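First up is the structure itself, then whatever we jot down about it.
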Amino acid sequence: MEFSEYIKHDGLSLAALVARREVTASELLRVAISRTEQTDEALNAVIIRMDDIARARVQQTLIGPFAGVPFLTKDLFQDYAGVLNTNGNKALKASDYRPSAHAEITRRWLNSGVVIFGRTNTPEFGIKGVTEPEAWGASCNPWNTQHTPGGSSGGSAAAVAAGIVPMAGANDGGGSIRIPAACCGLFGLKPSRGRTPWGPIVTEQMHGAAMNHVVTRSVRDSAAMLDATHGDEVGSLYRLAPAVRPYLEEAGLDPKPLKIAFSTRSPIGTPVHAEAIKAVEIAAKLLTSLGHYVTEDEPEINGLEAAHSFLTMWFANAAVSVKRVKQETGCGAEGFELDTLASAAFGEATPSSAYAEAYIYANQCARKLAEFHQKYDVWLTPTMAMPPAKVGEVRLSMIEKMAAKALIAGHLAKPVIKFGIAHKMAVDNLKWVPFTQIANITGVPAMSVPLHVTSDGLPMGVQFIAPMGEEGVLFQLAGQLERAQPWQAVAPFMGA
């Protein structure tokens, strides 16, 4: 098989070719590896190679819905036993950290039949919406390599959009599946809290705000992979009702006429680019033409307070990550990026009462959103407030770097928090992506669908948020939209 034929197929289609013996898993792996090498210099998407492991695997008898399909996992929490895992961190990379066991999500992916041949780039500990770690260097967007593929699953999204694989592992704690999907013209769904596993080390991250899944070119691949991976694990803290029917089946069904609310106002009061507004307006017109009831509305949630709650928990988790890596590797501050250390300092300085208040407000947001969903089946927003930034554009300014260094060296985090400087810096960073975090802190499923391309030729996704446990509704809607307005399968600048 040649690459020009390979990119015409999604994962399920490739698996069908293998099942019919029209192509072998070895041939598919050869094409995927060749494409990785062809695009490596331009994209820097696949940072850890597992070619020998993959070549041994394709000699085995593989079963599952994706038997023989090339696949990549993200270098963040998706451990593969014996393979380097860095979480985008310099210290873990230098220590050559290799986990002794597969993550549960990795085990389930392997059980689906995929052939994992590498790990993808991610920002340090996944804490940014761009993928530019000092440990590995920046990943670039296949649609235009001057721009970011987003983050934190940016390496995965770049690899899928470039045609290396039809889908790749991703996870989402604040938008990290949906943001790169939006940047790269892909479909990306964040499942409900507890829908996919996190074991064996822990059974959830950030009270279930962070979830594992994939970024894909087709809706049905995402649905079929969730069929293969969802469900409880040992020690699950959240147990959702099982799906009414397989998600793959849902993706092939048109939904009933839905009541859909849309909004384009930034929940934190920051500007929203005209292209982001246009993307929602185009989606609203398409939805109306498909028979859905669409009106402008939004839940009664204080967006700034919700962002503050999210960031309070985010900073605390950054502090824990830094502390653990220091313990495991013996490194000092040199093992981390400056803004990671600043985030950790804020987390260390936050009193436990403030953390509890943030968690309580997140629960209040969940209640408010649930009340909103009693009126509407789905809430539509931009995925991002602005088109994909240029590589290097989203970073600390010189003044912010000086402030961060003084903060870390002088233990000034408490006064910085007291006077609101930390919050302002955080809001300045969230202005690019203010729409995604609400689905994380409330635990509900959300997806980014690639329905718009800007006048500059960059993708702009739109986000749909559904009630808890209603992935089926999202897959029905996404499948309908995909059939009505098919999107570009592979980034035009990186085509065959």
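Residues in the structure tokens are numbered from 1 in each chain, the chains being A, B, ... in the order shown, and ligands are numbered from 1 in the order shown.
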For this session: Determine, counting only C-alpha atoms, which protein, DNA and RNA residues have an atom within 8 Å of an atom of A:Gly126; residues of the same chain fewer than 3 positions away are not included. Present the result as a VMD selection string.
Result: chain A and resid 76 87 to 88 122 to 123 129 151 to 153 176
Export N, CA and C atoms of the chosen residues as a PDB file, in the first residue's frame?
ATOM      1  N   LEU A  76       2.074  11.251  28.068  1.00  0.00           N
ATOM      2  CA  LEU A  76       1.521  11.818  29.293  1.00  0.00           C
ATOM      3  C   LEU A  76       0.484  10.861  29.859  1.00  0.00           C
ATOM      4  N   ASN A  87       6.362  12.693  30.275  1.00  0.00           N
ATOM      5  CA  ASN A  87       5.335  13.702  30.566  1.00  0.00           C
ATOM      6  C   ASN A  87       5.777  15.094  30.100  1.00  0.00           C
ATOM      7  N   GLY A  88       6.630  15.134  29.085  1.00  0.00           N
ATOM      8  CA  GLY A  88       7.124  16.396  28.563  1.00  0.00           C
ATOM      9  C   GLY A  88       8.113  17.101  29.482  1.00  0.00           C
ATOM     10  N   THR A 122       4.089  16.456  23.986  1.00  0.00           N
ATOM     11  CA  THR A 122       3.137  17.127  24.866  1.00  0.00           C
ATOM     12  C   THR A 122       3.866  18.196  25.666  1.00  0.00           C
ATOM     13  N   PRO A 123       3.194  19.285  26.044  1.00  0.00           N
ATOM     14  CA  PRO A 123       3.839  20.250  26.933  1.00  0.00           C
ATOM     15  C   PRO A 123       4.098  19.630  28.301  1.00  0.00           C
ATOM     16  N   GLY A 129      -1.895  24.995  26.571  1.00  0.00           N
ATOM     17  CA  GLY A 129      -2.709  24.768  25.390  1.00  0.00           C
ATOM     18  C   GLY A 129      -1.910  24.800  24.105  1.00  0.00           C
ATOM     19  N   GLY A 151      -2.612  22.146  22.307  1.00  0.00           N
ATOM     20  CA  GLY A 151      -2.109  21.293  23.362  1.00  0.00           C
ATOM     21  C   GLY A 151      -3.212  20.956  24.342  1.00  0.00           C
ATOM     22  N   SER A 152      -3.002  20.016  25.220  1.00  0.00           N
ATOM     23  CA  SER A 152      -1.697  19.418  25.362  1.00  0.00           C
ATOM     24  C   SER A 152      -1.478  18.183  24.489  1.00  0.00           C
ATOM     25  N   SER A 153      -2.509  17.749  23.777  1.00  0.00           N
ATOM     26  CA  SER A 153      -2.359  16.588  22.883  1.00  0.00           C
ATOM     27  C   SER A 153      -1.941  17.037  21.494  1.00  0.00           C
ATOM     28  N   SER A 176      -7.581  19.601  26.464  1.00  0.00           N
ATOM     29  CA  SER A 176      -6.404  19.089  25.762  1.00  0.00           C
ATOM     30  C   SER A 176      -6.676  18.059  24.680  1.00  0.00           C
TER      31      SER A 176
END
For this session: From the DSSP assignment of the backbone, select every residue of stretch 111-350 of chain A that is strand (DSSP E or B), and format the answer as a PyMOL selection string.
Result: chain A and resi 115-120+141+144+147+167-172+187-190+205+210-216+259-262+293-296
For this session: Among the residues of stretch 83-206 of chain A, find those DSSP assigns to alpha helix (DSSP H) from the backbone and print them as a ChimeraX atom specification.
Result: /A:90-95,104-111,154-161,178-184
Could you take the residues named above and write them with C-alpha atoms, as a compact mmCIF listing (two decimals), in the first residue's frame?
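Saved result, out03.txt, follows:
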# COMPACT_ATOMS: atom_id res chain seq x y z
CA LYS A 90 13.25 17.47 31.29
CA ALA A 91 14.05 15.65 34.53
CA LEU A 92 12.08 12.52 33.64
CA LYS A 93 13.68 12.49 30.21
CA ALA A 94 17.17 12.79 31.69
CA SER A 95 16.46 10.02 34.20
CA GLU A 104 -5.04 0.65 31.90
CA ILE A 105 -6.02 2.81 28.91
CA THR A 106 -2.97 1.53 27.02
CA ARG A 107 -3.93 -2.05 27.83
CA ARG A 108 -7.44 -1.48 26.49
CA TRP A 109 -6.08 0.14 23.33
CA LEU A 110 -3.86 -2.90 22.78
CA ASN A 111 -6.88 -5.14 23.29
CA GLY A 154 -0.66 18.60 20.16
CA GLY A 155 1.75 15.91 19.00
CA SER A 156 -1.10 13.44 18.61
CA ALA A 157 -3.25 15.91 16.68
CA ALA A 158 -0.38 16.87 14.39
CA ALA A 159 0.33 13.20 13.65
CA VAL A 160 -3.31 12.47 12.81
CA ALA A 161 -3.77 15.60 10.70
CA ARG A 178 -10.66 19.53 21.99
CA ILE A 179 -8.12 22.36 21.58
CA PRO A 180 -5.68 20.42 19.35
CA ALA A 181 -8.61 18.89 17.46
CA ALA A 182 -9.83 22.42 16.74
CA CYS A 183 -6.35 23.57 15.70
CA CYS A 184 -5.78 20.64 13.35
Problem set entry | Using only C-alpha atoms: which of A:Leu248, A:Gln374, A:Gly194, A:Leu286 has the shortest distance to A:Gly469 | A:Gly194
Exercise. Any idea what's packed within 10 Å of A:Ala466, counting only C-alpha atoms, ignoring anything in its chain fewer than 6 positions away? Could you give it as a list in words?
Worked result: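 Residues near the query, excluding close chain neighbours: Ser192, Ile260, Leu369, Ala370, His373, Tyr376, Asp377, Val378, Trp379, Leu380, Ala439, Val444, Pro445, Ala446, Met447, Gly472, Val473 and Leu474 of chain A.
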Exercise. Excluding same-chain residues fewer than 6 positions from A:Thr120, what lies within 7 Å of it counting only C-alpha atoms, as number ranges by chain?
Worked result: A: 45-48, 72-75, 155-156
For this session: Write out as a ChimeraX atom specification the residues lying within 9 Å of A:Glu250, counting only C-alpha atoms and excluding same-chain residues fewer than 4 positions away.
Result: /A:220,223,245-246,254-255,472-477,479
Export, as a PDB file, in the first residue's frame, the selected residues with C-alpha atoms.
ATOM      1  CA  ARG A 220     -16.897   6.604  13.849  1.00  0.00           C
ATOM      2  CA  ALA A 223     -17.019   6.095  18.733  1.00  0.00           C
ATOM      3  CA  ARG A 245     -26.301   1.092  22.537  1.00  0.00           C
ATOM      4  CA  PRO A 246     -22.763   0.895  21.099  1.00  0.00           C
ATOM      5  CA  ASP A 254     -29.387  10.904  13.028  1.00  0.00           C
ATOM      6  CA  PRO A 255     -30.464  12.462  16.330  1.00  0.00           C
ATOM      7  CA  GLY A 472     -24.411   8.980  22.590  1.00  0.00           C
ATOM      8  CA  VAL A 473     -26.160  12.264  21.784  1.00  0.00           C
ATOM      9  CA  LEU A 474     -22.843  13.864  20.857  1.00  0.00           C
ATOM     10  CA  PHE A 475     -21.889  10.978  18.575  1.00  0.00           C
ATOM     11  CA  GLN A 476     -25.287  11.106  16.860  1.00  0.00           C
ATOM     12  CA  LEU A 477     -24.935  14.844  16.283  1.00  0.00           C
ATOM     13  CA  GLY A 479     -22.097  11.818  12.726  1.00  0.00           C
TER      14      GLY A 479
END
For this session: Show which residues sit within 12 Å of A:Arg395, as a list in words. Count only C-alpha atoms, and ignore same-chain residues fewer than 5 positions away.
Result: Pro123, Lys128, Gly129, Val130, Thr131, Glu132, Pro133, Glu337, Leu338, Asp339, Thr340, Ala389, Lys390, Glu400, Lys401, Met425, Ala426, Asp428, Asn429, Leu430 and Trp432 of chain A
